[in-house]
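Listing of input_30.cif, mmCIF, C-alpha atoms
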data_my_file
#
loop_
_atom_site.label_atom_id
_atom_site.label_comp_id
_atom_site.auth_asym_id
_atom_site.auth_seq_id
_atom_site.Cartn_x
_atom_site.Cartn_y
_atom_site.Cartn_z
CA MET A 259 54.27 1.97 58.41
CA ASP A 260 54.04 2.32 54.67
CA ARG A 261 56.83 3.97 52.81
CA ALA A 262 57.54 5.30 49.40
CA ASN A 263 59.68 3.11 47.22
CA ALA A 264 61.41 3.11 43.94
CA LEU A 265 58.41 1.68 42.14
CA GLY A 266 56.79 5.02 42.89
CA GLU A 267 54.14 3.52 45.13
CA SER A 268 53.94 2.23 48.65
CA ARG A 269 53.70 -1.32 49.87
CA PRO A 270 52.26 -2.61 53.12
CA ALA A 271 54.47 -3.43 56.07
CA ARG A 272 55.02 -7.07 56.95
CA HIS A 273 54.37 -8.36 60.44
CA ASP A 274 54.27 -5.61 63.04
CA GLY A 275 55.67 -2.81 60.96
CA GLY A 276 58.70 -4.86 60.05
CA VAL A 277 59.52 -2.79 56.98
CA THR A 278 62.09 -0.38 58.27
CA ASP A 279 63.16 2.97 56.99
CA ALA A 280 66.79 1.95 57.10
CA VAL A 281 69.11 4.14 55.08
CA PRO A 282 70.61 2.08 52.25
CA GLY A 283 73.97 0.84 53.43
CA PRO A 284 77.13 0.41 51.43
CA SER A 285 76.36 -3.28 50.93
CA HIS A 286 73.38 -5.35 49.96
CA SER A 287 71.88 -7.95 52.26
CA LEU A 288 73.32 -11.47 52.18
CA PRO A 289 70.18 -13.05 50.63
CA LEU A 290 70.41 -10.52 47.81
CA ILE A 291 74.17 -11.09 47.40
CA LEU A 292 73.62 -14.84 47.18
CA ALA A 293 70.74 -14.37 44.72
CA ARG A 294 72.98 -12.22 42.53
CA GLU A 295 75.69 -14.86 42.56
CA LEU A 296 73.13 -17.47 41.57
CA ALA A 297 71.84 -15.23 38.78
CA ALA A 298 75.34 -14.54 37.51
CA ASN A 299 75.86 -18.27 37.06
CA LEU A 300 72.59 -19.02 35.26
CA ALA A 301 71.71 -19.14 31.57
CA THR A 302 68.13 -18.16 32.43
CA PRO A 303 67.21 -14.45 32.48
CA MET A 304 67.01 -13.30 36.10
CA PHE A 305 66.33 -9.87 37.61
CA LEU A 306 66.74 -8.64 41.17
CA LEU A 307 64.87 -5.88 42.95
CA ASP A 308 66.11 -4.74 46.34
CA GLY A 309 63.92 -4.01 49.34
CA ARG A 310 63.27 -0.49 48.06
CA GLY A 311 62.07 -1.67 44.68
CA MET A 312 65.23 -0.70 42.81
CA LEU A 313 66.32 -2.95 39.97
CA VAL A 314 69.81 -3.72 41.26
CA PHE A 315 70.93 -6.50 38.93
CA PHE A 316 70.12 -8.61 35.92
CA ASN A 317 72.30 -11.32 34.46
CA ASP A 318 73.81 -11.81 31.01
CA ALA A 319 70.91 -13.99 29.90
CA ALA A 320 68.55 -11.12 30.70
CA ALA A 321 70.90 -8.77 28.88
CA LEU A 322 70.43 -10.86 25.73
CA LEU A 323 66.68 -10.41 26.08
CA ILE A 324 66.88 -6.65 26.66
CA GLY A 325 69.71 -5.92 24.28
CA LYS A 326 71.71 -4.06 26.94
CA THR A 327 74.00 -5.19 29.73
CA PHE A 328 73.32 -4.32 33.34
CA GLY A 329 76.38 -2.10 33.21
CA GLU A 330 74.74 -0.09 30.45
CA VAL A 331 71.39 0.18 32.21
CA GLY A 332 72.69 0.58 35.77
CA GLU A 333 70.59 0.60 38.90
CA ILE A 334 67.20 2.05 38.10
CA GLN A 335 63.84 2.41 39.73
CA GLY A 336 61.70 -0.64 39.10
CA SER A 337 59.03 1.63 37.66
CA ASP A 338 61.47 2.72 34.95
CA PHE A 339 62.17 -0.79 33.74
CA HIS A 340 59.52 -0.49 31.01
CA LYS A 341 61.80 2.02 29.28
CA HIS A 342 64.11 -0.89 28.52
CA LEU A 343 61.67 -3.77 28.24
CA SER A 344 57.96 -3.26 27.71
CA LEU A 345 55.62 -5.92 29.02
CA THR A 346 52.17 -6.54 27.61
CA THR A 347 49.62 -9.22 28.23
CA VAL A 348 49.20 -11.89 25.57
CA ASP A 349 46.11 -10.01 24.37
CA GLY A 350 48.08 -6.81 24.00
CA ARG A 351 47.31 -4.73 27.12
CA PRO A 352 50.23 -2.99 28.82
CA VAL A 353 51.28 -4.57 32.13
CA ARG A 354 51.55 -1.94 34.87
CA PRO A 355 54.43 -2.37 37.35
CA ARG A 356 52.05 -3.35 40.14
CA GLU A 357 50.49 -6.06 37.92
CA SER A 358 53.72 -7.68 36.78
CA ALA A 359 54.95 -10.83 38.49
CA ALA A 360 57.75 -8.82 40.12
CA GLY A 361 55.29 -6.10 41.14
CA ILE A 362 52.99 -8.63 42.78
CA ALA A 363 55.94 -10.25 44.56
CA PHE A 364 57.08 -6.83 45.78
CA PHE A 365 53.77 -5.21 46.72
CA GLN A 366 51.87 -8.26 47.90
CA GLN A 367 54.92 -10.11 49.21
CA ARG A 368 53.93 -13.39 47.62
CA PRO A 369 55.13 -15.45 44.65
CA ALA A 370 53.53 -14.74 41.28
CA HIS A 371 53.57 -16.20 37.80
CA LYS A 372 52.48 -14.42 34.60
CA ARG A 373 52.67 -15.11 30.90
CA VAL A 374 53.56 -11.85 29.13
CA ILE A 375 54.99 -10.52 25.89
CA ALA A 376 58.34 -8.87 26.46
CA GLN A 377 59.71 -6.43 23.92
CA PRO A 378 62.90 -4.45 24.27
CA TYR A 379 63.10 -0.86 23.03
CA ALA A 380 64.64 -2.07 19.79
CA GLY A 381 64.35 -5.80 19.59
CA VAL A 382 62.36 -8.95 19.12
CA ARG A 383 59.05 -9.64 20.89
CA ARG A 384 59.12 -12.77 22.95
CA VAL A 385 56.44 -14.59 24.87
CA VAL A 386 57.81 -15.32 28.31
CA ASP A 387 56.60 -16.87 31.52
CA ALA A 388 57.68 -14.61 34.36
CA THR A 389 58.04 -16.09 37.82
CA ALA A 390 58.80 -13.83 40.77
CA TYR A 391 59.08 -14.35 44.51
CA PRO A 392 60.06 -12.22 47.48
CA LEU A 393 63.23 -12.87 49.47
CA PHE A 394 62.74 -12.75 53.20
CA GLY A 395 65.87 -12.64 55.35
CA ALA A 396 66.21 -14.44 58.66
CA ASN A 397 64.89 -11.36 60.47
CA GLY A 398 61.61 -11.66 58.54
CA GLU A 399 62.08 -8.50 56.50
CA MET A 400 61.80 -8.53 52.73
CA ASP A 401 65.24 -8.02 51.26
CA GLY A 402 64.13 -7.97 47.66
CA VAL A 403 62.51 -9.85 44.80
CA VAL A 404 63.81 -12.42 42.35
CA SER A 405 62.18 -12.48 38.93
CA VAL A 406 62.97 -15.16 36.36
CA PHE A 407 61.87 -15.10 32.71
CA TRP A 408 61.30 -18.40 30.95
CA GLU A 409 61.01 -18.03 27.20
CA HIS A 410 57.80 -19.57 25.96
CA THR A 411 58.23 -22.44 23.52
CA ASP A 412 56.13 -22.97 20.41
CA GLU A 413 54.87 -26.30 21.65
CA GLU A 414 52.85 -24.65 24.41
CA PRO A 415 49.61 -22.69 23.93
CA VAL A 416 50.01 -18.92 24.31
CA ALA A 417 46.70 -18.28 26.03
CA MET B 67 91.18 -2.25 73.05
CA GLN B 68 93.27 -5.31 73.80
CA VAL B 69 92.62 -8.45 71.80
CA ARG B 70 93.86 -11.87 72.81
CA VAL B 71 93.48 -15.00 70.70
CA TRP B 72 92.65 -18.06 72.79
CA GLY B 73 91.90 -20.33 69.86
CA CYS B 74 92.38 -19.97 66.11
CA ARG B 75 92.12 -23.52 64.81
CA GLY B 76 89.28 -24.33 62.44
CA SER B 77 86.86 -27.24 62.38
CA VAL B 78 88.26 -29.38 65.20
CA ALA B 79 90.82 -28.92 67.95
CA THR B 80 94.28 -30.31 67.38
CA SER B 81 96.95 -31.22 69.88
CA GLY B 82 100.52 -32.42 69.75
CA PRO B 83 103.90 -31.03 68.81
CA ASP B 84 103.09 -30.52 65.12
CA THR B 85 100.62 -27.74 65.88
CA ALA B 86 102.08 -26.41 69.12
CA ARG B 87 103.47 -23.14 67.74
CA TYR B 88 100.22 -21.79 66.24
CA GLY B 89 98.02 -23.74 68.62
CA GLY B 90 95.21 -26.22 68.46
CA ASN B 91 92.27 -24.64 70.28
CA THR B 92 89.25 -23.70 68.17
CA SER B 93 87.91 -20.18 67.74
CA CYS B 94 87.80 -17.95 70.79
CA VAL B 95 88.98 -14.35 71.03
CA GLU B 96 88.88 -12.04 74.05
CA VAL B 97 88.51 -8.29 73.60
CA ARG B 98 89.14 -6.09 76.63
CA LEU B 99 87.84 -2.56 76.29
CA GLU B 100 89.16 0.63 77.81
CA SER B 101 85.99 0.80 79.90
CA GLY B 102 86.95 -2.51 81.52
CA ASP B 103 84.20 -4.42 79.75
CA VAL B 104 84.99 -7.80 78.25
CA ILE B 105 83.74 -9.10 74.92
CA VAL B 106 84.30 -12.71 73.91
CA LEU B 107 84.08 -13.70 70.27
CA ASP B 108 83.02 -17.31 69.81
CA ALA B 109 83.08 -20.18 72.24
CA GLY B 110 85.44 -22.74 70.73
CA THR B 111 87.76 -24.83 72.87
CA GLY B 112 89.92 -21.76 73.51
CA MET B 113 87.16 -20.70 75.87
CA ARG B 114 88.29 -23.19 78.50
CA PRO B 115 91.65 -21.52 79.21
CA LEU B 116 89.99 -18.11 78.81
CA GLY B 117 87.55 -19.03 81.56
CA VAL B 118 90.43 -20.06 83.80
CA SER B 119 92.13 -16.71 83.22
CA MET B 120 88.89 -14.87 84.00
CA HIS B 121 88.37 -16.60 87.30
CA HIS B 122 89.89 -13.73 89.26
CA ASP B 123 90.18 -11.08 86.59
CA SER B 124 87.04 -10.05 84.77
CA PRO B 125 83.94 -7.96 85.34
CA SER B 126 80.78 -9.61 86.60
CA GLU B 127 79.10 -9.02 83.23
CA ILE B 128 80.43 -10.71 80.08
CA ASN B 129 79.18 -10.41 76.50
CA ILE B 130 79.77 -13.45 74.29
CA PHE B 131 79.19 -12.91 70.59
CA LEU B 132 78.84 -16.12 68.57
CA THR B 133 79.37 -15.96 64.83
CA HIS B 134 77.44 -19.21 64.33
CA LEU B 135 76.74 -22.44 66.09
CA HIS B 136 79.04 -24.96 64.45
CA LEU B 137 80.64 -27.06 67.15
CA ASP B 138 84.12 -25.60 66.74
CA HIS B 139 82.64 -22.23 67.77
CA LEU B 140 80.52 -23.57 70.61
CA GLN B 141 82.25 -26.55 72.17
CA GLY B 142 84.09 -24.54 74.83
CA LEU B 143 80.99 -22.90 76.27
CA GLY B 144 80.24 -25.77 78.60
CA PHE B 145 83.77 -25.57 79.96
CA PHE B 146 83.75 -21.81 80.57
CA ARG B 147 84.10 -21.42 84.33
CA PRO B 148 82.13 -18.16 84.64
CA LEU B 149 79.10 -20.09 83.33
CA TYR B 150 78.95 -21.87 86.69
CA ASP B 151 79.29 -18.75 88.83
CA PRO B 152 75.86 -17.51 90.01
CA SER B 153 77.17 -13.96 90.41
CA ARG B 154 78.00 -13.66 86.71
CA VAL B 155 75.73 -12.00 84.19
CA ILE B 156 76.42 -13.48 80.77
CA HIS B 157 74.91 -12.16 77.58
CA LEU B 158 75.00 -14.57 74.66
CA TRP B 159 74.56 -13.11 71.20
CA GLY B 160 74.19 -15.07 67.98
CA PRO B 161 72.63 -15.07 64.53
CA SER B 162 68.86 -15.05 64.59
CA SER B 163 66.78 -17.84 63.15
CA PRO B 164 63.16 -17.71 62.05
CA VAL B 165 62.71 -21.25 63.31
CA GLN B 166 64.30 -21.60 66.75
CA SER B 167 65.49 -19.30 69.50
CA LEU B 168 69.21 -18.95 70.13
CA ALA B 169 68.79 -20.62 73.53
CA ASP B 170 67.03 -23.62 72.01
CA ARG B 171 69.68 -24.02 69.35
CA ILE B 172 72.55 -23.82 71.85
CA ALA B 173 70.73 -26.25 74.12
CA MET B 174 70.80 -28.83 71.35
CA TYR B 175 74.46 -29.21 72.27
CA LEU B 176 74.38 -28.14 75.92
CA SER B 177 72.01 -30.84 77.08
CA PRO B 178 72.06 -34.62 77.53
CA PRO B 179 73.01 -36.86 75.89
CA LEU B 180 75.67 -34.67 74.21
CA PHE B 181 76.53 -32.77 77.41
CA PRO B 182 75.81 -33.74 81.05
CA VAL B 183 74.40 -30.35 82.10
CA HIS B 184 71.36 -28.75 80.51
CA LEU B 185 71.72 -25.11 79.54
CA GLU B 186 68.75 -24.24 81.78
CA GLU B 187 70.62 -25.61 84.81
CA VAL B 188 73.78 -23.49 84.65
CA PRO B 189 73.94 -21.18 87.67
CA SER B 190 75.07 -17.97 85.97
CA GLN B 191 72.52 -15.37 84.87
CA LEU B 192 72.21 -16.06 81.14
CA THR B 193 70.38 -13.90 78.64
CA PHE B 194 70.16 -14.45 74.90
CA HIS B 195 70.10 -11.87 72.13
CA ASP B 196 70.03 -11.75 68.35
CA ALA B 197 73.32 -10.56 66.85
CA PRO B 198 73.00 -6.78 66.47
CA GLU B 199 72.71 -5.77 62.82
CA THR B 200 72.67 -2.13 63.89
CA PRO B 201 75.45 -0.96 66.21
CA ILE B 202 75.00 -1.44 69.95
CA THR B 203 77.14 -0.01 72.72
CA ILE B 204 79.11 -2.24 75.06
CA GLY B 205 81.10 -0.10 77.50
CA SER B 206 83.41 2.12 75.48
CA ALA B 207 82.84 0.28 72.20
CA THR B 208 80.20 -0.33 69.59
CA VAL B 209 79.51 -3.76 68.15
CA ARG B 210 77.78 -4.51 64.89
CA ALA B 211 77.09 -7.79 63.10
CA THR B 212 76.41 -8.61 59.50
CA ARG B 213 75.52 -11.87 57.84
CA VAL B 214 78.22 -13.51 55.77
CA THR B 215 78.50 -16.42 53.37
CA HIS B 216 79.11 -19.68 55.23
CA GLN B 217 77.19 -22.88 55.81
CA GLY B 218 74.09 -21.92 57.80
CA PRO B 219 73.23 -18.63 59.52
CA THR B 220 76.55 -16.93 60.24
CA VAL B 221 77.64 -13.39 61.06
CA GLY B 222 80.86 -11.44 61.38
CA TYR B 223 81.42 -8.69 63.95
CA ARG B 224 82.94 -5.24 63.89
CA ILE B 225 84.04 -3.67 67.17
CA GLU B 226 84.93 0.02 67.24
CA GLU B 227 86.48 1.95 70.09
CA HIS B 228 87.90 5.47 69.96
CA GLY B 229 88.21 5.43 66.19
CA ARG B 230 89.90 2.03 66.01
CA SER B 231 88.14 -0.93 64.43
CA PHE B 232 88.60 -4.64 64.90
CA VAL B 233 86.72 -7.01 62.59
CA TYR B 234 86.20 -10.70 63.17
CA ILE B 235 85.01 -12.95 60.32
CA PRO B 236 86.40 -16.38 61.17
CA ASP B 237 84.25 -18.48 58.84
CA HIS B 238 83.60 -16.97 55.45
CA GLU B 239 83.60 -18.01 51.81
CA PRO B 240 83.32 -14.60 50.15
CA SER B 241 84.04 -15.81 46.63
CA LEU B 242 81.30 -18.43 46.35
CA GLY B 243 80.07 -18.09 42.78
CA ALA B 244 81.85 -14.80 42.26
CA ASP B 245 85.23 -13.39 41.34
CA LEU B 246 86.21 -11.05 44.16
CA ARG B 247 88.68 -9.22 41.97
CA THR B 248 85.90 -7.94 39.70
CA GLN B 249 83.00 -7.98 42.16
CA PRO B 250 81.68 -4.51 43.08
CA THR B 251 82.24 -4.04 46.80
CA GLU B 252 78.57 -3.49 47.58
CA TRP B 253 77.97 -7.04 46.37
CA MET B 254 80.72 -8.59 48.50
CA SER B 255 79.63 -10.60 51.50
CA GLY B 256 81.13 -9.08 54.65
CA HIS B 257 82.41 -5.90 53.05
CA ALA B 258 79.98 -3.74 55.02
CA ILE B 259 81.74 -4.49 58.30
CA ALA B 260 85.29 -5.08 57.05
CA ARG B 261 85.69 -1.82 55.18
CA ASP B 262 88.67 0.26 56.38
CA ALA B 263 89.22 -1.96 59.42
CA ASP B 264 92.42 -1.46 61.38
CA VAL B 265 92.59 -5.19 62.00
CA LEU B 266 90.72 -7.97 60.22
CA LEU B 267 90.78 -11.54 61.55
CA HIS B 268 89.59 -13.59 58.61
CA ASP B 269 89.09 -17.18 57.54
CA SER B 270 92.08 -18.51 55.63
CA GLN B 271 91.51 -22.21 55.97
CA TYR B 272 92.84 -23.36 52.61
CA ARG B 273 95.92 -22.89 50.53
CA ASP B 274 94.91 -21.97 46.99
CA HIS B 275 95.56 -25.41 45.52
CA GLU B 276 93.30 -26.99 48.15
CA TYR B 277 90.29 -24.79 47.52
CA ALA B 278 88.87 -26.54 44.45
CA GLN B 279 88.31 -29.67 46.55
CA HIS B 280 86.43 -27.65 49.17
CA LEU B 281 84.30 -25.31 47.09
CA GLY B 282 81.08 -24.51 48.94
CA TRP B 283 82.32 -25.74 52.31
CA GLY B 284 82.09 -22.21 53.66
CA HIS B 285 85.76 -21.29 53.96
CA ALA B 286 88.25 -19.11 52.12
CA CYS B 287 91.55 -19.74 50.41
CA ILE B 288 94.48 -17.39 50.73
CA ALA B 289 93.98 -15.67 47.37
CA ASP B 290 90.37 -14.86 48.22
CA THR B 291 91.19 -13.71 51.73
CA LEU B 292 93.79 -11.33 50.33
CA ALA B 293 91.43 -10.09 47.62
CA PHE B 294 88.74 -9.51 50.23
CA ALA B 295 91.13 -7.67 52.57
CA ASP B 296 92.50 -5.65 49.69
CA LYS B 297 89.09 -4.51 48.50
CA ALA B 298 88.06 -3.73 52.06
CA ALA B 299 91.26 -1.66 52.42
CA VAL B 300 92.11 -3.14 55.81
CA GLU B 301 95.32 -2.10 57.54
CA HIS B 302 96.27 -5.41 59.15
CA LEU B 303 95.16 -8.87 58.14
CA VAL B 304 95.37 -11.75 60.60
CA LEU B 305 94.90 -15.17 59.00
CA PHE B 306 92.58 -17.25 61.14
CA HIS B 307 90.70 -20.58 61.34
CA HIS B 308 93.66 -22.78 60.50
CA ASP B 309 92.85 -26.08 58.84
CA PRO B 310 93.28 -28.95 61.33
CA TYR B 311 95.35 -30.78 58.70
CA HIS B 312 97.85 -27.91 58.49
CA ASP B 313 100.75 -28.34 60.87
CA ASP B 314 103.03 -25.48 61.87
CA GLU B 315 105.33 -26.07 58.93
CA GLU B 316 102.50 -25.91 56.43
CA LEU B 317 101.10 -22.80 58.09
CA ASP B 318 104.49 -21.17 57.60
CA MET B 319 104.24 -22.02 53.91
CA LEU B 320 100.71 -20.63 53.81
CA LEU B 321 101.96 -17.37 55.29
CA GLY B 322 104.73 -17.35 52.69
CA ASP B 323 102.11 -17.74 49.97
CA ALA B 324 100.15 -14.83 51.39
CA ARG B 325 103.11 -12.48 51.72
CA ALA B 326 104.32 -13.31 48.22
CA ALA B 327 100.88 -12.59 46.81
CA TRP B 328 100.52 -9.25 48.59
CA PRO B 329 103.60 -7.29 47.61
CA GLY B 330 104.14 -4.20 49.71
CA MET B 331 101.83 -5.53 52.40
CA GLU B 332 104.09 -8.27 53.75
CA GLU B 333 104.37 -6.68 57.18
CA ARG B 334 100.63 -6.29 57.45
CA VAL B 335 99.67 -9.93 57.12
CA CYS B 336 100.33 -12.56 59.76
CA LEU B 337 99.04 -15.83 61.15
CA ALA B 338 96.93 -15.97 64.28
CA PHE B 339 98.27 -18.14 67.09
CA ASP B 340 97.02 -19.14 70.51
CA GLY B 341 98.18 -16.42 72.88
CA MET B 342 98.52 -13.72 70.22
CA THR B 343 97.80 -10.23 71.50
CA ILE B 344 96.76 -7.25 69.42
CA THR B 345 96.60 -3.75 70.83
CA LEU B 346 94.56 -1.07 69.12
CA ASP B 347 94.85 2.36 70.68
CA GLN B 348 95.60 5.99 69.91
CA GLY B 349 99.17 5.05 69.04
CA GLY B 350 98.13 2.58 66.37
CA VAL B 351 98.14 -1.18 66.16
CA SER B 352 100.68 -3.59 67.59
CA VAL B 353 100.63 -7.33 67.06
CA SER B 354 102.63 -9.87 69.02
CA GLU B 355 104.83 -12.49 67.33
CA PRO B 356 104.67 -16.25 67.91
CA ALA B 357 107.50 -17.97 69.74
CA SER B 358 110.03 -19.22 67.22
#
Entire entry expressed as C-alpha cells:
Amino acid sequence: MDRANALGESRPARHDGGVTDAVPGPSHSLPLILARELAANLATPMFLLDGRGMLVFFNDAAALLIGKTFGEVGEIQGSDFHKHLSLTTVDGRPVRPRESAAGIAFFQQRPAHKRVIAQPYAGVRRVVDATAYPLFGANGEMDGVVSVFWEHTDEEPVA
Amino acid sequence: MQVRVWGCRGSVATSGPDTARYGGNTSCVEVRLESGDVIVLDAGTGMRPLGVSMHHDSPSEINIFLTHLHLDHLQGLGFFRPLYDPSRVIHLWGPSSPVQSLADRIAMYLSPPLFPVHLEEVPSQLTFHDAPETPITIGSATVRATRVTHQGPTVGYRIEEHGRSFVYIPDHEPSLGADLRTQPTEWMSGHAIARDADVLLHDSQYRDHEYAQHLGWGHACIADTLAFADKAAVEHLVLFHHDPYHDDEELDMLLGDARAAWPGMEERVCLAFDGMTITLDQGGVSVSEPAS
C-alpha cells in the first residue's frame, strides 16, 4: 500500500506491504534515536528524515552550513527543506526532492550519492557531496534516512 | 497484578553471604495477573526456583517474554521445570532478528555441547513469537515491547492491567552519546514504554564513578537511571540488574546515592531483591522490603 508522506509524494511499500500506516508515536524508533546520537557527536553535517519523510534532526555541523540551528528550523516536511537550503546540480539546475540523494534513499529505498551545490537562504554557496542511505529496522521496515554532506575540496574536480 | 522478583543480579549469578540479602540469581520476574494468567519476564537463573514454585501452582499456559538473549537472561530456561511437562503450553517471546529465528537463536545455547538437551527435544508445547511492538492481550493485561539501547537486539516491556502499568527494562544504556537531562523525551530510548509508569524496574548496574570505565557496555549508572525515570515521570523506581561485583554493602551505598540524588522521591526508589513482591491494584502500589 502506498501512502502519502511529508515529501508530498508517495513511495512504494517494501516487501509485502511492509510500510505501515502507524500513527506517529511519542518516540522515534531506536535506529533513528541511535542515528541522532551519532549525528550529534559528529563534526560532519548530517540530516535525518523519519519514516514519513519529515526532517526530524540535523546536527550542529549542518547548522553551520544552513546558518540556522535545528531548534530554529524545527521539524519540517522534507519537501520544505529547500526553503532553508537550496540544492542545484553543478551545472545549475534545481534538484527536486525526489532527485536528491535523500529523496532517492527515501523513495527508492537504496543508498545514493550526488554532488550538488548547496546554498542557504542567506549564505555561502558550497559544493558538497551528499551521501544518503535508508535505515531499516530489525522488522524490515524503513525507519528513516540518513543524509551526510561532505564539503567538496578544491583539489577535486567539480564535474 | 502481583509481581515477584526471582532474580535481579546482572551479568552473572553470584552466591555466598556477601550477596545474600539482595540475592544472586540473574534476571527473572514473575507477573501474576488478575485473570490468573502468568507472565514471566526473562529466563535468568531465577527461573529455576520459579519453576519449582510453579510445579503445583500455575496455569497450563505460560508466556515468557525475553528482553534479549544474553546468557544472564536465558541461562535458567533449561532448568525451568514446566519446560519438561508435556501438558504445558509455553509461549516464548523475544526481539526479532532479520537473520535468525528466535528458536534458532535460543537453540544456540539450548543444544549440545553447551546444554545436554536440544530445544527441539523438550516435551512441553513450545511456540515462538516476535516481541510485540504493538500491544497484545494476555488474560486481563496488555503487553507491549519497544527496542532499547543495549548491546544487540534488546527490548523492554510494558504490562498494563486495570489502569496500572509495570515496566521492565533490565538492560539499558539510555544515555549513550546523549545527555538525558537535555534530551527531548521523544528521542530517549525506552521513553515510549516507560512514560507515566506506576512501577519501573530499570538497569542500575553502575555507581556513577564506575560508569566512565563501562561506557558503551549497555548498562546505566544511577544518575542516568534517575534522569530517565524522572523524565518518564514514573511513580516508583526499582533499581535492577545489580553488578556482580557489588556486594550487599555496596548496594546499600548505591541506594544511598540514588536517594540523595532524588530529593523528595526517596520513598519511591528502592533496590530489587530476590523474593521482592510488588502489588499493583486499585488501591495503588505496595512494595515489599528486604530482610534486614
**Message:** Which residues would end up in the selection if the PyMOL selection byres ((chain B) within 12 of (chain A)) were applied here, given that I need the answer as JSON, numbers by chain?
**Reply:** {"B": [161, 162, 163, 164, 165, 166, 167, 196, 197, 198, 199, 200, 212, 213, 214, 215, 216, 218, 219, 220, 221, 222, 239, 240, 241, 242, 243, 244, 245, 246, 249, 250, 251, 252, 253, 254, 255, 256, 257, 258, 259, 260, 261, 298]}
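The space separating CA of Leu137 in chain B from CA of Gln271 in chain B comes to 16.3 Å.
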**Request:** Spell out the residues picked by the PyMOL selection byres ((chain B and resi 169) around 10) here, as an NGL selection string.
**Result:** :B and (158-160 or 166-168 or 170-174 or 176 or 185-186 or 192-195)
Please dump the current selection as a PDB file, keeping the file's coordinate frame; keep C-alpha atoms.
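Once everything was written out, this is result_23.pdb:
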ATOM      1  CA  LEU B 158      75.000 -14.570  74.660  1.00  0.00           C
ATOM      2  CA  TRP B 159      74.560 -13.110  71.200  1.00  0.00           C
ATOM      3  CA  GLY B 160      74.190 -15.070  67.980  1.00  0.00           C
ATOM      4  CA  GLN B 166      64.300 -21.600  66.750  1.00  0.00           C
ATOM      5  CA  SER B 167      65.490 -19.300  69.500  1.00  0.00           C
ATOM      6  CA  LEU B 168      69.210 -18.950  70.130  1.00  0.00           C
ATOM      7  CA  ASP B 170      67.030 -23.620  72.010  1.00  0.00           C
ATOM      8  CA  ARG B 171      69.680 -24.020  69.350  1.00  0.00           C
ATOM      9  CA  ILE B 172      72.550 -23.820  71.850  1.00  0.00           C
ATOM     10  CA  ALA B 173      70.730 -26.250  74.120  1.00  0.00           C
ATOM     11  CA  MET B 174      70.800 -28.830  71.350  1.00  0.00           C
ATOM     12  CA  LEU B 176      74.380 -28.140  75.920  1.00  0.00           C
ATOM     13  CA  LEU B 185      71.720 -25.110  79.540  1.00  0.00           C
ATOM     14  CA  GLU B 186      68.750 -24.240  81.780  1.00  0.00           C
ATOM     15  CA  LEU B 192      72.210 -16.060  81.140  1.00  0.00           C
ATOM     16  CA  THR B 193      70.380 -13.900  78.640  1.00  0.00           C
ATOM     17  CA  PHE B 194      70.160 -14.450  74.900  1.00  0.00           C
ATOM     18  CA  HIS B 195      70.100 -11.870  72.130  1.00  0.00           C
TER      19      HIS B 195
END
**Request:** Using the chain letters and numbers from the file, give me the residues hit by the PyMOL selection byres ((chain B and resi 138-147) around 7), as a list in words.
**Result:**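 Answer for the PyMOL selection byres ((chain B and resi 138-147) around 7): Gly76, Ser77, Val78, Thr92, Ser93, Asp108, Ala109, Gly110, Thr111, Gly112, Met113, Arg114, Gly117, Val118, His134, Leu135, His136, Leu137, Pro148, Leu149, Tyr150 and Leu176 of chain B.
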**Prompt:** Separation of CA of His340 in chain A and CA of Leu323 in chain A, in Å?
**Reply:**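 Distance reported for this atom pair: 13.2 Å.
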**Request:** Fewer than 2 positions away in the same chain doesn't count, so skip those; otherwise give me all residues within 8 Å of Val386 in chain A, counting only C-alpha atoms, as a PyMOL selection string.
**Result:** chain A and resi 373-376+384+388+407-410
**Asked** What is the distance, in Å and to one decimal place, between CA of Arg273 in chain B and CA of Arg87 in chain B?
**Response**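 That distance, rounded to one decimal, is 18.8 Å.
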**Prompt:** Neighbours of Ala324 in chain B within 10 Å (all atoms listed in the file; same-chain residues fewer than 2 positions away dropped), as an MDAnalysis selection string?
**Reply:** chainID B and resid 270 273:274 287:289 291:292 305 318:322 326:329 331:332 335:337
**Distance query Gly89 in chain B at most 9 Å, all atoms listed in the file, self and fewer than 2 positions along chain excluded, as an MDAnalysis selection string** = chainID B and resid 72:75 79:81 85:87 91:92 314 338:341
Output C-alpha atoms for every residue in the selection just made, as a short mmCIF file (atom, residue, chain, number, x, y, z; two decimals), in the frame of the given file.
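What landed in result33.cif:
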data_model
loop_
_atom_site.label_atom_id
_atom_site.label_comp_id
_atom_site.auth_asym_id
_atom_site.auth_seq_id
_atom_site.Cartn_x
_atom_site.Cartn_y
_atom_site.Cartn_z
CA TRP B 72 92.65 -18.06 72.79
CA GLY B 73 91.90 -20.33 69.86
CA CYS B 74 92.38 -19.97 66.11
CA ARG B 75 92.12 -23.52 64.81
CA ALA B 79 90.82 -28.92 67.95
CA THR B 80 94.28 -30.31 67.38
CA SER B 81 96.95 -31.22 69.88
CA THR B 85 100.62 -27.74 65.88
CA ALA B 86 102.08 -26.41 69.12
CA ARG B 87 103.47 -23.14 67.74
CA ASN B 91 92.27 -24.64 70.28
CA THR B 92 89.25 -23.70 68.17
CA ASP B 314 103.03 -25.48 61.87
CA ALA B 338 96.93 -15.97 64.28
CA PHE B 339 98.27 -18.14 67.09
CA ASP B 340 97.02 -19.14 70.51
CA GLY B 341 98.18 -16.42 72.88
#
**Request:** Name the residues in contact with range 343-347 of chain B at a cut-off of 12 Å, using only C-alpha atoms, excluding same-chain residues fewer than 3 positions from it; report them as a PyMOL selection string.
**Result:** chain B and resi 67-73+95-100+225-233+263-267+301-304+336-340+350-356
**Prompt:** From the set A:Arg356, A:Leu345, A:Ile324, A:Leu393, which residue has the shortest atom-to-atom contact distance to Pro378 in chain A, counting only C-alpha atoms?
**Reply:**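 With only C-alpha atoms as the atom set, the closest residue is A:Ile324.
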**Request:** Find the spatial neighbours of Asp123 in chain B, counting all atoms listed in the file, within a cut-off of 12 Å - ignore same-chain residues fewer than 2 positions away - and output them as a list in words.
**Result:** Arg98, Gly102, Asp103, Val104, Leu116, Gly117, Val118, Ser119, Met120, His121, Pro125, Ser126, Glu127, Ile128 and Pro148 of chain B
